[in-house]
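A short worksheet on the structure shown next.
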Amino acid sequence: MIGERALESNSGVRPVSAFLAVGVVLAAVAAAVAGTAFGVDDSVRRWEQDEQDPSPAYTITDRDQRPVALFVQRLDLVLSPNAMWQAHTPERVAMELATVLGRDFHELAVAMMPDATGGVIRTSLPLETSVAARIATWIQTGSPVADEGVRGPIRGMWIGRDERGAYVLCWQPYTVLSADSRVEQGEDFGEKPRKWARHIADGLALCLLGADAVKPGGDEVALEEQRSAVWSWLMPTTYTVAVRGFEAARAPQLIEVLSREKVAHHQMRIERGRDREYPAGRFPFLGLWGYVDEPLARRAADRALELVAQGKPSATANAALIDASKELSTLVAALGEVEDEGEYEAVIAQVHDLRGRATWELLAQPLPLSGLERACDSLLADESRWGFLEEQSSGYRFLRHRSVRAGESRSYFLESDAPSESPRVVTTFDLMLQRQVGIALDELMQTHKPALAMAVALDLESGDVLAVDSRSSYPMLGFPPLYHEFTPGSTFKVNVMACALESGAVRPDDTFNVGDGTYLFGRRRIREAESSKTGTLTAAQCLAHSVNSGLVQIGDKVDDDFLHQKFRALHYSEAPKSGFGGERPGYLPKLPWKREWTHASISFGHELKVTLWQHAAGLAAIVRGGHWLPLRTLEAVEQYGERFTLPRARPEPVFAASTSETIRAMMRSGAREGTGAAVASNEKLPTLSVGTKTGTAQKVGTEVCLHHELEHQASHWKAGTKCARECRLELVNKPREKHTNCYTSSMCIWGRRNGGGREVLVLVVVEEPRGGQKYGSRVAGPTAVRILKEALGETRNGRPVVEAISAGFAPALDARSERGLEQPWAEVGR
């Protein structure tokens, strides 16, 4: 290889890349086969072509088989710049393709030349002064020696310097490879771009290697290997997507252009890719998708193939690369047995195409970066568990006969393959409910103008997530229900009361003097919300009416290590491992806790941080019967009518069933006559049996208001800057106007219909409302109740369900309601 020889000759030229230095089998095999194949003199060559769609990808459905996400086919125009531009004129091809595809010429030209920046390719090979001087002379005269010049200068090629000051070769491919440049160098190059590309490679090899260079007329195998190495240095990219997704109606014209220009399959072709589509709408919980960066994909493919060529196992779990690596091993092993000259053409095509196909599998398929789809992808990636699922792609095979003399080709169909059925991942989500949660949050944002609003609805018994969503007034990283940490406030009093009951330190009818709006606890003054209960209250009343001083006294009766142990058993201060990615663990202070400060603050839900996902799981455990379960989103995998139900996690006992039942009774009291009564009393919800706990947490002076925080981040993102230490201090010290006092308003409600049925828990958290209200019951309460009623079937698409007037006669539904029942996608995104 050129890099190795240059080192041996002490020319100072370092290896171009790992591809050259290691001598990856791809180039070596292609060159070895090429030497014989170029000598084939058959009048007819046979090509067996194989057209394949991408393997069927999984579909995601909700619990009732409604489609959540599925793949649809996409057409891409892909090419190997390295192979394509050695044989064709870039500007001419770009003009024709831009016309056919209806694309901007300049944008397409840039996409087809990924190694160039600003139209210039700077080679990665640093050159010693003597080598750079020989190349500069060759560029000007056609010979490395000044007095032996045979041609005029090559426009668009020169010796420059890299960022470290080393000499490098710079060239403009659209100029150097143009028809005008070829004519300037001689009529024999005019209509022969391949001959011109070989001339460039031969000249540069002579400059780089001197006497060691293989000259035209010498060993043809070594000469082709040398040319391949030089072009790998000049234009490293062997695979890129020039146009990702174009209209199928343009494909016939595109094929006609490629055929007229005699473009080979390995140079440029139409590939079938796929994109994700969401029939029911693009819900935030689905997460983000992205594409692998092309240089990264090429490096990954090269590394996987290189390891197999060295007899080592593949270092990547990507199935496509593993398959390509196995195919490479088989191909290399079979080379020694190839005897028929007619087979060499096919071998050349296979080897040349192999690296591109391995890279293609990484580039063409969007990869889930976060969310539900990331969880599904991780689930199905376990081949030891799901290897029996069929993934047969559709495709067909045909023979292409081409007459060398006539220059014409014909295709003959051989056979086709039908695709296997796409596996379906069945989730726990209810799309109809999910849609209503989104609508409810949209209306909450409009009414209360918060920085952030989040909601989750669970099947209480199983921990199955029925719906989860969020809305923000500013751009945010990640999925807020898993990523955003907040102070839980009074909703955490449920946890403290459960610990007090479990430890035996408190009974429901124990009484406490809670003062008259303020309470002196040691040296600390505990303040209450406006209109809070005063005087002497029972423990049950303290929770139902959310009295801070009462919970401080109750929490004070429980050792901090007992509280800490139970909170940890509920998995607070621990990332939930949902599979969605982008999770935060929250924060729970380390022991010991100062009695008047940390211990007291935690007793009414301050000095700790939780996420919506984490807190919903903790509250559900207490209300469920005392055993904790992780929130669950994946139910089963299906294919060909068979259902493989995923195992459920084992319940983890944290509290006794009697403790849970007592807490439920206290929360029912909170709904009937406590802080939840404004939205969940018997008069408000006569057909439901519910329990509630509200929360209103005012942020302390050292906390940055979320409105200010997110607005600040958004300004940095827009400007492309980062927040420095001084910038952060300015944000922390920013004064708070009276009308923008910062509160976290929340409400937890659970219940079922009086006639029975499933029990559902809903948690709504609203960060910093600016609509004039701040209390959890007034800000988060109406939304939480609305979601619960929809989940329990009290409403359908947000409208009350009317019972049948007479047996056998269903109530009439208007057109909009009926459409919502059967077509949940009809109004999503409006």
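Identifiers in the structure tokens: chain A, B, ... in order shown; residue index from 1 per chain; ligand index from 1 in order shown.
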May I have the residues within 6 Å of region 413-429 of chain A as number ranges by chain, using only C-alpha atoms and disregarding those fewer than 5 positions away in the same chain?
A: 56-63, 391-398, 464-467, 633-639
Per residue of region 601-645 of chain A within 12 Å of region 524-546 of chain A, record the nearest atom pair and its distance in Å to one decimal, counting only C-alpha atoms, with rows in chain order and ascending residue number, as a tab-separated table.
```
residue	atom	partner	partner_atom	distance
A:Ser601	CA	A:Ile526	CA	9.3
A:Ser603	CA	A:Ser546	CA	11.2
A:Phe604	CA	A:Ser546	CA	8.6
A:Gly605	CA	A:Ser546	CA	11.0
```
Filtering to N, CA and C atoms, could you give me those residues as a PDB file, in the first residue's frame?
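What ended up in out.pdb:
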```
ATOM      1  N   SER A 601     -37.919  19.899  57.153  1.00  0.00           N
ATOM      2  CA  SER A 601     -38.267  20.277  55.780  1.00  0.00           C
ATOM      3  C   SER A 601     -38.772  19.081  54.980  1.00  0.00           C
ATOM      4  N   SER A 603     -40.279  16.590  56.053  1.00  0.00           N
ATOM      5  CA  SER A 603     -41.597  16.183  56.564  1.00  0.00           C
ATOM      6  C   SER A 603     -42.732  16.880  55.829  1.00  0.00           C
ATOM      7  N   PHE A 604     -42.466  18.053  55.226  1.00  0.00           N
ATOM      8  CA  PHE A 604     -43.511  18.651  54.386  1.00  0.00           C
ATOM      9  C   PHE A 604     -43.046  18.803  52.930  1.00  0.00           C
ATOM     10  N   GLY A 605     -42.116  17.916  52.517  1.00  0.00           N
ATOM     11  CA  GLY A 605     -41.788  17.767  51.100  1.00  0.00           C
ATOM     12  C   GLY A 605     -40.793  18.731  50.526  1.00  0.00           C
TER      13      GLY A 605
END
```
Fewer than 2 positions away in the same chain doesn't count, so skip those; otherwise give me all residues within 9 Å of region 750-758 of chain A, counting only C-alpha atoms, as a list in words.
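Surrounding residues, per the criterion: Asp459, Leu460, Glu461, Ala620, Val623, Pro686, Thr687, Leu688, Ser689, Val690, Gly691, Thr692, Cys748, Val760, Leu761, Val762, Leu763, Leu788, Leu792, Gly793 and Glu794 of chain A.
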Backbone-only DSSP, helix (DSSP H, G or I) members of region 722-775 of chain A, as a list in words:
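Of region 722-775 of chain A, only Arg725, Glu726, Cys727, Arg728, Leu729, Glu730, Leu731, Val732, Lys738, His739 and Thr740 of chain A fall in helix (DSSP H, G or I).
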Option closest in space to Ala600 (chain A), from A:Leu563, A:Ala621, A:Val176, A:Ala677 [counting only C-alpha atoms]
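Of A:Leu563, A:Ala621, A:Val176, A:Ala677, the one nearest Ala600 (chain A) is A:Leu563, counting only C-alpha atoms.
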